[in-house]
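Pasting run-v2.cif here (mmCIF, C-alpha atoms):
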```cif
data_entry
loop_
_atom_site.label_atom_id
_atom_site.label_comp_id
_atom_site.auth_asym_id
_atom_site.auth_seq_id
_atom_site.Cartn_x
_atom_site.Cartn_y
_atom_site.Cartn_z
CA MET W 1 -10.01 -13.56 -32.30
CA THR W 2 -7.52 -11.38 -30.54
CA GLN W 3 -7.63 -9.78 -27.16
CA PHE W 4 -5.42 -6.83 -26.54
CA THR W 5 -3.27 -6.52 -23.42
CA PRO W 6 -2.06 -2.97 -22.84
CA PRO W 7 1.70 -2.72 -23.28
CA LYS W 8 4.07 -2.21 -20.37
CA GLY W 9 6.24 0.75 -21.24
CA PRO W 10 7.51 1.93 -24.62
CA ALA W 11 8.05 -0.50 -27.49
CA VAL W 12 10.98 -0.25 -29.86
CA ALA W 13 9.60 -0.07 -33.36
CA PRO W 14 12.43 0.53 -35.84
CA ASP W 15 13.67 -2.51 -37.65
CA THR W 16 17.39 -2.07 -37.32
CA ALA W 17 18.07 -5.02 -39.62
CA ALA W 18 16.67 -2.96 -42.47
CA ARG W 19 19.15 -0.12 -41.96
CA SER W 20 21.40 1.00 -44.72
CA GLY W 21 25.10 0.24 -44.92
CA CYS W 22 26.10 3.79 -43.98
CA GLY W 23 23.61 4.14 -41.13
CA GLY W 24 21.37 6.48 -43.10
CA ARG W 25 24.05 9.19 -43.28
CA GLY W 26 24.58 9.34 -47.04
CA PRO W 27 22.79 11.77 -49.35
CA VAL W 28 19.81 10.32 -51.19
CA SER W 29 18.84 10.81 -54.80
CA LEU W 30 16.13 9.47 -57.09
CA ARG W 31 17.46 6.70 -59.29
CA MET W 32 16.16 3.54 -60.94
CA PRO W 33 17.87 0.50 -59.39
CA GLU W 34 19.03 -2.22 -61.77
CA GLY W 35 16.16 -4.55 -62.65
CA ASP W 36 13.57 -2.10 -61.34
CA ASP W 37 11.16 -0.02 -63.41
CA ARG W 38 10.55 2.81 -60.96
CA LEU W 39 12.56 5.65 -59.55
CA ARG W 40 13.50 4.99 -55.94
CA LYS W 41 15.34 6.88 -53.24
CA VAL W 42 18.89 5.48 -53.32
CA CYS W 43 21.76 6.33 -51.00
CA ASP W 44 24.63 7.86 -52.99
CA ASP W 45 27.17 6.51 -50.51
CA CYS W 46 26.16 2.91 -49.86
CA GLY W 47 23.57 2.20 -52.59
CA PHE W 48 20.85 1.29 -50.10
CA VAL W 49 17.39 1.61 -51.65
CA TYR W 50 14.82 3.32 -49.43
CA TYR W 51 11.65 1.70 -50.74
CA GLU W 52 8.45 3.61 -50.04
CA ASN W 53 5.21 1.65 -50.01
CA PRO W 54 1.61 2.21 -48.95
CA LYS W 55 0.77 2.37 -45.26
CA VAL W 56 -1.84 0.22 -43.56
CA ILE W 57 -4.47 1.91 -41.37
CA VAL W 58 -6.07 -0.44 -38.86
CA GLY W 59 -9.25 0.32 -36.96
CA ALA W 60 -12.43 -1.14 -35.60
CA VAL W 61 -16.15 -0.70 -35.21
CA CYS W 62 -16.49 -1.66 -31.54
CA THR W 63 -19.76 -2.36 -29.82
CA TRP W 64 -21.12 -3.00 -26.36
CA ASP W 65 -24.62 -4.35 -25.92
CA ASP W 66 -26.94 -2.38 -23.65
CA ALA W 67 -29.39 -3.97 -21.21
CA ASP W 68 -31.84 -4.57 -24.05
CA GLY W 69 -29.22 -6.22 -26.24
CA GLU W 70 -29.02 -3.22 -28.53
CA PRO W 71 -25.54 -2.30 -29.74
CA LEU W 72 -23.80 0.83 -28.52
CA PHE W 73 -21.05 2.09 -30.82
CA LEU W 74 -17.71 3.23 -29.45
CA MET W 75 -16.63 6.53 -30.94
CA ILE W 76 -13.90 9.05 -30.28
CA ARG W 77 -13.85 12.80 -30.67
CA ARG W 78 -10.58 13.68 -32.33
CA GLY W 79 -8.10 15.67 -30.25
CA ILE W 80 -5.62 16.15 -33.08
CA GLU W 81 -5.65 17.53 -36.58
CA PRO W 82 -6.90 16.84 -39.15
CA GLN W 83 -10.59 17.07 -38.31
CA LEU W 84 -9.95 18.14 -34.71
CA GLY W 85 -13.18 17.99 -32.69
CA TYR W 86 -15.02 15.71 -35.09
CA TRP W 87 -16.13 12.17 -34.31
CA GLY W 88 -14.50 9.06 -35.65
CA LEU W 89 -13.74 5.41 -35.01
CA PRO W 90 -10.52 4.35 -33.31
CA SER W 91 -7.93 3.75 -36.02
CA GLY W 92 -4.35 4.54 -36.92
CA TYR W 93 -1.16 3.37 -38.54
CA MET W 94 -0.30 -0.29 -38.20
CA GLU W 95 3.06 -0.71 -36.46
CA LEU W 96 5.99 -3.02 -37.19
CA HIS W 97 5.83 -6.54 -35.78
CA GLU W 98 2.13 -6.68 -35.04
CA THR W 99 -0.77 -8.32 -36.87
CA SER W 100 -3.50 -6.21 -38.41
CA HIS W 101 -6.12 -7.41 -35.92
CA ALA W 102 -3.79 -6.84 -32.96
CA GLY W 103 -3.03 -3.40 -34.37
CA ALA W 104 -6.74 -2.57 -34.53
CA ALA W 105 -7.15 -3.63 -30.89
CA ARG W 106 -4.08 -1.55 -29.95
CA GLU W 107 -5.53 1.55 -31.61
CA VAL W 108 -8.80 1.05 -29.72
CA TRP W 109 -6.82 0.96 -26.49
CA GLU W 110 -4.69 3.99 -27.37
CA GLU W 111 -7.53 6.20 -28.55
CA ALA W 112 -10.50 4.98 -26.53
CA ARG W 113 -9.03 3.05 -23.57
CA ALA W 114 -11.30 0.10 -24.25
CA ARG W 115 -10.30 -3.54 -24.37
CA VAL W 116 -11.77 -5.39 -27.30
CA GLU W 117 -11.77 -8.73 -29.02
CA THR W 118 -11.60 -8.43 -32.79
CA ASP W 119 -13.87 -10.67 -34.80
CA HIS W 120 -14.09 -10.51 -38.61
CA LEU W 121 -12.57 -8.16 -41.13
CA LEU W 122 -15.46 -5.79 -41.76
CA ALA W 123 -13.98 -3.70 -44.53
CA ILE W 124 -10.91 -3.26 -46.68
CA TYR W 125 -10.62 -0.19 -48.79
CA ASN W 126 -7.95 1.74 -50.57
CA LEU W 127 -7.14 5.43 -50.73
CA PRO W 128 -4.53 5.31 -53.51
CA GLU W 129 -4.22 9.09 -53.73
CA ILE W 130 -2.63 9.04 -50.28
CA SER W 131 -1.27 5.46 -50.54
CA GLN W 132 -3.29 3.96 -47.71
CA VAL W 133 -4.98 0.60 -47.25
CA HIS W 134 -7.61 0.58 -44.50
CA LEU W 135 -8.39 -2.65 -42.66
CA ILE W 136 -11.42 -2.19 -40.42
CA TYR W 137 -12.39 -4.97 -38.02
CA ARG W 138 -15.57 -5.75 -36.17
CA ALA W 139 -14.83 -5.88 -32.45
CA ARG W 140 -16.68 -6.54 -29.22
CA MET W 141 -15.82 -4.66 -26.05
CA MET W 142 -14.80 -6.90 -23.17
CA THR W 143 -16.22 -4.43 -20.64
CA SER W 144 -18.16 -1.20 -21.05
CA HIS W 145 -15.17 0.85 -19.91
CA HIS W 146 -13.83 3.52 -22.26
CA GLY W 147 -12.09 6.86 -21.98
CA ALA W 148 -10.10 9.39 -23.94
CA GLY W 149 -6.51 8.56 -24.82
CA PRO W 150 -3.93 11.29 -25.48
CA GLU W 151 -5.16 11.93 -29.03
CA SER W 152 -8.87 12.10 -28.15
CA ILE W 153 -10.99 14.83 -26.52
CA GLU W 154 -13.68 12.42 -25.38
CA THR W 155 -15.13 9.01 -26.11
CA ALA W 156 -18.72 7.82 -26.10
CA LEU W 157 -20.94 4.79 -26.52
CA PHE W 158 -23.76 5.84 -28.85
CA ARG W 159 -26.99 4.14 -29.73
CA TRP W 160 -27.44 4.15 -33.51
CA ASP W 161 -29.83 7.10 -33.42
CA GLU W 162 -27.52 9.03 -31.09
CA ILE W 163 -24.51 8.92 -33.42
CA PRO W 164 -23.48 12.49 -34.29
CA TRP W 165 -23.94 12.00 -38.03
CA ASP W 166 -23.44 15.69 -38.77
CA GLU W 167 -20.14 15.86 -36.92
CA LEU W 168 -18.26 12.89 -38.37
CA ALA W 169 -14.61 13.36 -39.22
CA TYR W 170 -14.74 11.54 -42.56
CA PRO W 171 -17.39 10.03 -44.87
CA ASN W 172 -15.86 6.58 -44.32
CA VAL W 173 -16.87 6.72 -40.64
CA ALA W 174 -20.57 6.60 -41.60
CA TRP W 175 -19.79 4.03 -44.24
CA ALA W 176 -17.97 1.73 -41.78
CA LEU W 177 -20.83 2.01 -39.28
CA GLU W 178 -23.36 1.19 -42.00
CA SER W 179 -21.21 -1.75 -43.06
CA TRP W 180 -21.48 -3.05 -39.50
CA ARG W 181 -25.28 -2.90 -39.69
CA LYS W 182 -25.35 -4.71 -43.05
CA VAL W 183 -23.61 -7.78 -41.65
CA ARG W 184 -25.05 -7.61 -38.14
CA GLY W 185 -25.21 -11.10 -36.63
CA GLN W 186 -23.50 -12.66 -39.65
CA ASP W 187 -20.30 -14.65 -39.90
CA GLY W 188 -18.63 -15.61 -43.13
CA PHE W 189 -19.34 -12.39 -44.99
CA ALA W 190 -17.11 -10.79 -47.58
CA PRO W 191 -15.49 -7.59 -46.32
CA MET W 192 -16.92 -4.42 -47.78
CA THR W 193 -14.53 -2.96 -50.30
CA GLY W 194 -15.00 0.74 -49.96
CA PRO W 195 -17.16 3.80 -49.84
CA VAL W 196 -16.02 5.01 -53.24
CA MET J 1 -13.39 -5.96 -60.49
CA THR J 2 -10.23 -4.55 -61.94
CA GLN J 3 -8.58 -5.17 -65.24
CA PHE J 4 -4.93 -4.38 -65.55
CA THR J 5 -3.52 -2.40 -68.45
CA PRO J 6 0.23 -2.77 -68.81
CA PRO J 7 2.04 0.50 -68.04
CA LYS J 8 3.70 2.58 -70.73
CA GLY J 9 7.22 3.24 -69.56
CA PRO J 10 8.59 3.71 -66.06
CA ALA J 11 6.42 5.13 -63.30
CA VAL J 12 7.69 7.55 -60.69
CA ALA J 13 6.97 6.04 -57.31
CA PRO J 14 8.53 8.20 -54.59
CA ASP J 15 6.15 10.49 -52.80
CA THR J 16 8.16 13.68 -52.81
CA ALA J 17 5.61 15.44 -50.60
CA ALA J 18 6.68 13.18 -47.76
CA ARG J 19 10.33 14.23 -47.97
CA SER J 20 12.11 15.64 -44.98
CA GLY J 21 12.97 19.31 -44.55
CA CYS J 22 16.66 18.72 -45.25
CA GLY J 23 16.15 16.46 -48.26
CA GLY J 24 17.19 13.37 -46.38
CA ARG J 25 20.73 14.62 -45.84
CA GLY J 26 20.81 14.86 -42.04
CA PRO J 27 22.08 12.09 -39.77
CA VAL J 28 19.38 9.94 -38.23
CA SER J 29 19.11 8.67 -34.67
CA LEU J 30 16.59 6.69 -32.67
CA ARG J 31 14.47 8.98 -30.51
CA MET J 32 10.95 9.07 -29.10
CA PRO J 33 9.03 11.97 -30.69
CA GLU J 34 6.87 14.07 -28.35
CA GLY J 35 3.49 12.43 -27.84
CA ASP J 36 4.72 9.11 -29.19
CA ASP J 37 5.42 5.94 -27.21
CA ARG J 38 7.91 4.30 -29.56
CA LEU J 39 11.43 4.97 -30.68
CA ARG J 40 11.51 6.29 -34.25
CA LYS J 41 14.20 7.29 -36.70
CA VAL J 42 14.43 11.07 -36.41
CA CYS J 43 16.60 13.42 -38.47
CA ASP J 44 19.05 15.25 -36.18
CA ASP J 45 19.08 18.25 -38.53
CA CYS J 46 15.45 18.88 -39.43
CA GLY J 47 13.51 16.74 -36.94
CA PHE J 48 11.73 14.78 -39.68
CA VAL J 49 10.42 11.45 -38.38
CA TYR J 50 11.05 8.50 -40.69
CA TYR J 51 8.14 6.27 -39.72
CA GLU J 52 8.55 2.62 -40.55
CA ASN J 53 5.44 0.52 -40.93
CA PRO J 54 4.51 -2.93 -42.24
CA LYS J 55 4.58 -3.57 -45.97
CA VAL J 56 1.69 -4.93 -47.97
CA ILE J 57 2.28 -7.91 -50.26
CA VAL J 58 -0.32 -8.25 -53.02
CA GLY J 59 -0.81 -11.34 -55.11
CA ALA J 60 -3.36 -13.53 -56.80
CA VAL J 61 -4.50 -17.08 -57.45
CA CYS J 62 -5.20 -16.78 -61.18
CA THR J 63 -7.09 -19.36 -63.18
CA TRP J 64 -7.97 -20.13 -66.76
CA ASP J 65 -10.64 -22.72 -67.54
CA ASP J 66 -9.63 -25.53 -69.87
CA ALA J 67 -11.91 -26.95 -72.57
CA ASP J 68 -13.69 -29.08 -69.96
CA GLY J 69 -14.26 -26.12 -67.66
CA GLU J 70 -11.63 -27.33 -65.23
CA PRO J 71 -9.44 -24.63 -63.70
CA LEU J 72 -5.79 -24.29 -64.63
CA PHE J 73 -3.66 -22.47 -62.07
CA LEU J 74 -1.14 -19.86 -63.12
CA MET J 75 2.19 -20.36 -61.39
CA ILE J 76 5.66 -18.91 -61.71
CA ARG J 77 9.04 -20.47 -61.13
CA ARG J 78 11.08 -17.95 -59.18
CA GLY J 79 14.05 -16.45 -60.97
CA ILE J 80 15.34 -14.55 -57.94
CA GLU J 81 16.31 -15.33 -54.39
CA PRO J 82 14.96 -16.30 -51.96
CA GLN J 83 13.70 -19.70 -53.08
CA LEU J 84 15.19 -19.38 -56.55
CA GLY J 85 13.87 -22.13 -58.82
CA TYR J 86 10.85 -22.97 -56.67
CA TRP J 87 7.25 -22.44 -57.72
CA GLY J 88 4.99 -19.72 -56.41
CA LEU J 89 2.07 -17.46 -57.17
CA PRO J 90 2.58 -14.02 -58.67
CA SER J 91 2.92 -11.56 -55.79
CA GLY J 92 5.05 -8.70 -54.58
CA TYR J 93 5.21 -5.39 -52.76
CA MET J 94 2.29 -3.05 -53.21
CA GLU J 95 3.45 0.25 -54.71
CA LEU J 96 2.53 3.84 -53.87
CA HIS J 97 -0.61 5.26 -55.46
CA GLU J 98 -2.23 2.01 -56.47
CA THR J 99 -5.07 0.00 -54.96
CA SER J 100 -4.41 -3.44 -53.54
CA HIS J 101 -6.42 -5.19 -56.29
CA ALA J 102 -4.71 -3.17 -59.03
CA GLY J 103 -1.39 -4.01 -57.40
CA ALA J 104 -2.19 -7.72 -57.48
CA ALA J 105 -3.03 -7.47 -61.20
CA ARG J 106 0.20 -5.53 -61.79
CA GLU J 107 2.26 -8.23 -60.10
CA VAL J 108 0.58 -10.88 -62.26
CA TRP J 109 1.59 -8.89 -65.32
CA GLU J 110 5.16 -8.29 -64.14
CA GLU J 111 5.88 -11.85 -63.07
CA ALA J 112 3.70 -13.92 -65.39
CA ARG J 113 2.78 -11.62 -68.29
CA ALA J 114 -0.90 -12.46 -67.95
CA ARG J 115 -3.78 -10.01 -67.93
CA VAL J 116 -6.29 -10.72 -65.22
CA GLU J 117 -9.45 -9.40 -63.66
CA THR J 118 -9.39 -9.55 -59.88
CA ASP J 119 -12.51 -10.77 -58.16
CA HIS J 120 -12.78 -11.22 -54.38
CA LEU J 121 -10.20 -10.97 -51.64
CA LEU J 122 -9.31 -14.62 -51.12
CA ALA J 123 -7.01 -14.30 -48.15
CA ILE J 124 -5.51 -11.81 -45.75
CA TYR J 125 -2.76 -12.94 -43.47
CA ASN J 126 -0.05 -11.44 -41.38
CA LEU J 127 3.61 -12.28 -41.00
CA PRO J 128 4.38 -10.02 -38.03
CA GLU J 129 7.91 -11.35 -37.58
CA ILE J 130 8.80 -9.69 -40.90
CA SER J 131 6.12 -6.98 -40.70
CA GLN J 132 4.15 -8.03 -43.77
CA VAL J 133 0.43 -8.11 -44.51
CA HIS J 134 -0.48 -10.36 -47.47
CA LEU J 135 -3.59 -9.60 -49.50
CA ILE J 136 -4.27 -12.42 -51.96
CA TYR J 137 -6.99 -12.00 -54.56
CA ARG J 138 -8.89 -14.46 -56.69
CA ALA J 139 -8.41 -13.53 -60.34
CA ARG J 140 -9.55 -14.77 -63.73
CA MET J 141 -7.25 -14.64 -66.73
CA MET J 142 -8.62 -12.62 -69.64
CA THR J 143 -6.78 -14.82 -72.14
CA SER J 144 -4.70 -17.96 -71.74
CA HIS J 145 -1.51 -16.05 -72.55
CA HIS J 146 1.27 -16.09 -69.99
CA GLY J 147 5.05 -15.93 -69.94
CA ALA J 148 8.04 -15.29 -67.71
CA GLY J 149 8.71 -11.73 -66.59
CA PRO J 150 12.22 -10.58 -65.61
CA GLU J 151 12.01 -12.15 -62.13
CA SER J 152 10.68 -15.53 -63.30
CA ILE J 153 12.38 -18.52 -64.94
CA GLU J 154 9.17 -19.87 -66.42
CA THR J 155 5.42 -19.78 -65.98
CA ALA J 156 2.85 -22.54 -66.32
CA LEU J 157 -0.86 -23.29 -66.20
CA PHE J 158 -1.26 -26.40 -64.06
CA ARG J 159 -4.22 -28.64 -63.52
CA TRP J 160 -4.68 -29.25 -59.78
CA ASP J 161 -3.00 -32.66 -59.93
CA GLU J 162 -0.11 -31.25 -61.97
CA ILE J 163 0.87 -28.60 -59.42
CA PRO J 164 4.47 -29.23 -58.29
CA TRP J 165 3.55 -29.62 -54.62
CA ASP J 166 7.03 -30.77 -53.69
CA GLU J 167 8.70 -27.75 -55.27
CA LEU J 168 6.69 -24.88 -53.80
CA ALA J 169 8.59 -21.81 -52.65
CA TYR J 170 6.62 -21.32 -49.41
CA PRO J 171 3.98 -23.18 -47.39
CA ASN J 172 1.54 -20.33 -48.00
CA VAL J 173 1.52 -21.13 -51.72
CA ALA J 174 -0.21 -24.45 -51.06
CA TRP J 175 -2.42 -22.79 -48.50
CA ALA J 176 -3.55 -20.07 -50.93
CA LEU J 177 -4.29 -22.65 -53.61
CA GLU J 178 -6.30 -24.73 -51.15
CA SER J 179 -8.16 -21.60 -50.08
CA TRP J 180 -9.17 -21.11 -53.70
CA ARG J 181 -10.64 -24.62 -53.79
CA LYS J 182 -12.57 -24.10 -50.56
CA VAL J 183 -14.51 -21.15 -51.97
CA ARG J 184 -14.70 -22.34 -55.55
CA GLY J 185 -17.79 -20.92 -57.24
CA GLN J 186 -18.74 -18.88 -54.17
CA ASP J 187 -19.23 -15.18 -53.77
CA GLY J 188 -19.66 -13.41 -50.46
CA PHE J 189 -17.16 -15.51 -48.52
CA ALA J 190 -14.96 -14.29 -45.70
CA PRO J 191 -11.30 -14.12 -46.68
CA MET J 192 -9.14 -16.81 -45.17
CA THR J 193 -7.02 -15.40 -42.40
CA GLY J 194 -3.84 -17.37 -42.58
CA PRO J 195 -1.95 -20.60 -42.74
CA VAL J 196 -0.69 -20.25 -39.17
#
```

Can you dump the structure from the file as structure tokens?
Amino acid sequence: MTQFTPPKGPAVAPDTAARSGCGGRGPVSLRMPEGDDRLRKVCDDCGFVYYENPKVIVGAVCTWDDADGEPLFLMIRRGIEPQLGYWGLPSGYMELHETSHAGAAREVWEEARARVETDHLLAIYNLPEISQVHLIYRARMMTSHHGAGPESIETALFRWDEIPWDELAYPNVAWALESWRKVRGQDGFAPMTGPV
Amino acid sequence: MTQFTPPKGPAVAPDTAARSGCGGRGPVSLRMPEGDDRLRKVCDDCGFVYYENPKVIVGAVCTWDDADGEPLFLMIRRGIEPQLGYWGLPSGYMELHETSHAGAAREVWEEARARVETDHLLAIYNLPEISQVHLIYRARMMTSHHGAGPESIETALFRWDEIPWDELAYPNVAWALESWRKVRGQDGFAPMTGPV
């Protein structure tokens, strides 16, 4: 389990050790490096190979129990394109030098200003057409506090029957929420492997 | 479940849609894009942001049952640095436009020339210090055939007590193999979350 502590000031992400020999200043062309079987972006000046690989999206289905012990689901209304104005779950690109569960908790903080403790991996699914791997965690809110971050219009804690099903940003939002219900109260479950 | 079919000829990996406006020819400096809270590599000419994110490593614990129904474990002796000459499991960087399970099966083919069917996600673990997420699948070999790919010195099918425990490339090799034993014969288990 991981609790997220909001960062103090900006973090430096780029991994300078991975920089090319010419500092990224040479022209790049598509070539197949020796021993490889794919075309890669290679620097014409210094030979550095700019590998491109899938990106990891980390997110969470976060809940807070109401006075009756019924779960309320933390959702955000998107303040940026795509799907501006539609409802989703806090999620985003995993950053360098963090774990996937810490990244999920960070996204919850950034988009919904809630502090959560991640629990189990709820779902892993692939979107190969856009080269993404989504890792969605189950998370419990530490307090009932939430609020819109810079990329959100508003946030809300919905009872299941209050969720704006007709205004969801993506089909996988409903699918992730339903996955939560399927394993409610369980530990030791296999993560769901995708809506498609 | 996913069966891997060996590719016919080289694949083109780079995602040209993600290229910068200047074709990658402008000098790059570290700046904080508007609305961001981290320093990123930004092209001085066209403003393109070169985001850097963790890489996904996909691999598999692959087995073939011997005549007594006992599992034999497919291992490779590394033909490249680091850990040249030490034993490991087939694994490597996930490529663009593939799923994580297909990527694991591809790595098994490339490094051990075996055709496998992936089953459940056996383990997910993070190495944040080198910005890697490892997704290790359980896989069954379709036939007992195996052989060294270009990055391997040799391959072998070991009984549990034959595994060269003193010559493993990394501690997580033993850990992944032990994870396999813990969930032997089970479905619906939670993936292990790491040796550390």

From W:Glu154, W:Leu177, W:Leu84, W:Tyr137, residue lying nearest Pro191 in chain W [only C-alpha atoms]: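 Between W:Glu154, W:Leu177, W:Leu84, W:Tyr137, the residue approaching Pro191 in chain W most closely is W:Tyr137.
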
Carefully work through the PyMOL selection byres ((chain J and resi 132-135) around 8) for this structure and note down the residues it includes, as a ChimeraX atom specification. /W:99-100 /J:54-59,100,121-131,136-137

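Put simply, the PyMOL selection byres ((chain J and resi 146) around 9) on this file hits Leu74, Trp109, Ala112, Arg113, Ala114, Arg115, Thr143, Ser144, His145, Gly147, Ala148, Thr155, Ala156 and Leu157 of chain J.
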
Keeping only C-alpha atoms, take the residues you just selected and write them out as an mmCIF file, in the frame of the given file.
```
data_model
loop_
_atom_site.group_PDB
_atom_site.id
_atom_site.type_symbol
_atom_site.label_atom_id
_atom_site.label_comp_id
_atom_site.auth_asym_id
_atom_site.auth_seq_id
_atom_site.Cartn_x
_atom_site.Cartn_y
_atom_site.Cartn_z
ATOM 1 C CA LEU J 74 -1.140 -19.860 -63.120
ATOM 2 C CA TRP J 109 1.590 -8.890 -65.320
ATOM 3 C CA ALA J 112 3.700 -13.920 -65.390
ATOM 4 C CA ARG J 113 2.780 -11.620 -68.290
ATOM 5 C CA ALA J 114 -0.900 -12.460 -67.950
ATOM 6 C CA ARG J 115 -3.780 -10.010 -67.930
ATOM 7 C CA THR J 143 -6.780 -14.820 -72.140
ATOM 8 C CA SER J 144 -4.700 -17.960 -71.740
ATOM 9 C CA HIS J 145 -1.510 -16.050 -72.550
ATOM 10 C CA GLY J 147 5.050 -15.930 -69.940
ATOM 11 C CA ALA J 148 8.040 -15.290 -67.710
ATOM 12 C CA THR J 155 5.420 -19.780 -65.980
ATOM 13 C CA ALA J 156 2.850 -22.540 -66.320
ATOM 14 C CA LEU J 157 -0.860 -23.290 -66.200
#
```

Name every residue that the PyMOL selection byres ((chain J) within 6 of (chain W)) selects in this structure, writing the answer as a ChimeraX atom specification with chains first and numbers rising. /J:10-12,25,27,37-39,53-54,95-99,126,128-129,131,188-190

Between CA of Val49 in chain W and CA of Cys46 in chain J - distance in Å to one decimal: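 Between CA of Cys46 in chain J and CA of Val49 in chain W the gap works out to 21.2 Å.
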
Find the residues near range 86-88 of chain J: any atom within 9 Å, counting all atoms listed in the file, skip ones fewer than 3 places away on the same chain, and give them as a ChimeraX atom specification. /J:75-79,83,91,155,164-165,167-170,173-174

Let me have the centre and edge lengths of the axis-aligned box enclosing all listed atoms of range 86-101 of chain J with 5 Å padding on every side, in Å to one decimal, as AutoDock Vina command-line options.
```
--center_x 2.2 --center_y -8.9 --center_z -55.7 --size_x 27.3 --size_y 38.2 --size_z 15.9
```

Interatomic distance (Å, one decimal) between CA of Ile163 in chain J and CA of Ala139 in chain J: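 Distance between the two atoms: 17.7 Å.
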
Fill-in result for range 152-164 of chain W, N, CA, C and O atoms as a PDB file, in the coordinates of the input:
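Okay, this is what ended up in selection_3.pdb:
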```
ATOM      1  N   SER W 152      -7.417  11.938 -28.085  1.00  0.00           N
ATOM      2  CA  SER W 152      -8.870  12.100 -28.150  1.00  0.00           C
ATOM      3  C   SER W 152      -9.322  13.148 -27.131  1.00  0.00           C
ATOM      4  O   SER W 152      -8.731  13.292 -26.049  1.00  0.00           O
ATOM      5  N   ILE W 153     -10.389  13.874 -27.466  1.00  0.00           N
ATOM      6  CA  ILE W 153     -10.990  14.830 -26.520  1.00  0.00           C
ATOM      7  C   ILE W 153     -11.950  14.092 -25.600  1.00  0.00           C
ATOM      8  O   ILE W 153     -11.966  14.310 -24.398  1.00  0.00           O
ATOM      9  N   GLU W 154     -12.760  13.226 -26.176  1.00  0.00           N
ATOM     10  CA  GLU W 154     -13.680  12.420 -25.380  1.00  0.00           C
ATOM     11  C   GLU W 154     -14.042  11.169 -26.162  1.00  0.00           C
ATOM     12  O   GLU W 154     -13.767  11.067 -27.357  1.00  0.00           O
ATOM     13  N   THR W 155     -14.629  10.233 -25.474  1.00  0.00           N
ATOM     14  CA  THR W 155     -15.130   9.010 -26.110  1.00  0.00           C
ATOM     15  C   THR W 155     -16.572   8.831 -25.675  1.00  0.00           C
ATOM     16  O   THR W 155     -17.006   9.412 -24.673  1.00  0.00           O
ATOM     17  N   ALA W 156     -17.314   8.037 -26.436  1.00  0.00           N
ATOM     18  CA  ALA W 156     -18.720   7.820 -26.100  1.00  0.00           C
ATOM     19  C   ALA W 156     -19.195   6.502 -26.658  1.00  0.00           C
ATOM     20  O   ALA W 156     -18.642   5.988 -27.641  1.00  0.00           O
ATOM     21  N   LEU W 157     -20.222   5.958 -26.004  1.00  0.00           N
ATOM     22  CA  LEU W 157     -20.940   4.790 -26.520  1.00  0.00           C
ATOM     23  C   LEU W 157     -22.314   5.299 -26.977  1.00  0.00           C
ATOM     24  O   LEU W 157     -23.131   5.711 -26.148  1.00  0.00           O
ATOM     25  N   PHE W 158     -22.528   5.293 -28.287  1.00  0.00           N
ATOM     26  CA  PHE W 158     -23.760   5.840 -28.850  1.00  0.00           C
ATOM     27  C   PHE W 158     -24.702   4.740 -29.305  1.00  0.00           C
ATOM     28  O   PHE W 158     -24.268   3.772 -29.951  1.00  0.00           O
ATOM     29  N   ARG W 159     -25.998   4.930 -29.010  1.00  0.00           N
ATOM     30  CA  ARG W 159     -26.990   4.140 -29.730  1.00  0.00           C
ATOM     31  C   ARG W 159     -26.989   4.625 -31.172  1.00  0.00           C
ATOM     32  O   ARG W 159     -26.578   5.750 -31.471  1.00  0.00           O
ATOM     33  N   TRP W 160     -27.477   3.791 -32.088  1.00  0.00           N
ATOM     34  CA  TRP W 160     -27.440   4.150 -33.510  1.00  0.00           C
ATOM     35  C   TRP W 160     -28.023   5.541 -33.762  1.00  0.00           C
ATOM     36  O   TRP W 160     -27.438   6.359 -34.470  1.00  0.00           O
ATOM     37  N   ASP W 161     -29.171   5.815 -33.142  1.00  0.00           N
ATOM     38  CA  ASP W 161     -29.830   7.100 -33.420  1.00  0.00           C
ATOM     39  C   ASP W 161     -29.219   8.258 -32.623  1.00  0.00           C
ATOM     40  O   ASP W 161     -29.648   9.402 -32.776  1.00  0.00           O
ATOM     41  N   GLU W 162     -28.223   7.959 -31.819  1.00  0.00           N
ATOM     42  CA  GLU W 162     -27.520   9.030 -31.090  1.00  0.00           C
ATOM     43  C   GLU W 162     -26.202   9.420 -31.779  1.00  0.00           C
ATOM     44  O   GLU W 162     -25.548  10.383 -31.358  1.00  0.00           O
ATOM     45  N   ILE W 163     -25.800   8.646 -32.760  1.00  0.00           N
ATOM     46  CA  ILE W 163     -24.510   8.920 -33.420  1.00  0.00           C
ATOM     47  C   ILE W 163     -24.538  10.324 -34.024  1.00  0.00           C
ATOM     48  O   ILE W 163     -25.515  10.695 -34.680  1.00  0.00           O
ATOM     49  N   PRO W 164     -23.498  11.112 -33.767  1.00  0.00           N
ATOM     50  CA  PRO W 164     -23.480  12.490 -34.290  1.00  0.00           C
ATOM     51  C   PRO W 164     -23.159  12.539 -35.791  1.00  0.00           C
ATOM     52  O   PRO W 164     -22.067  12.933 -36.207  1.00  0.00           O
TER      53      PRO W 164
END
```
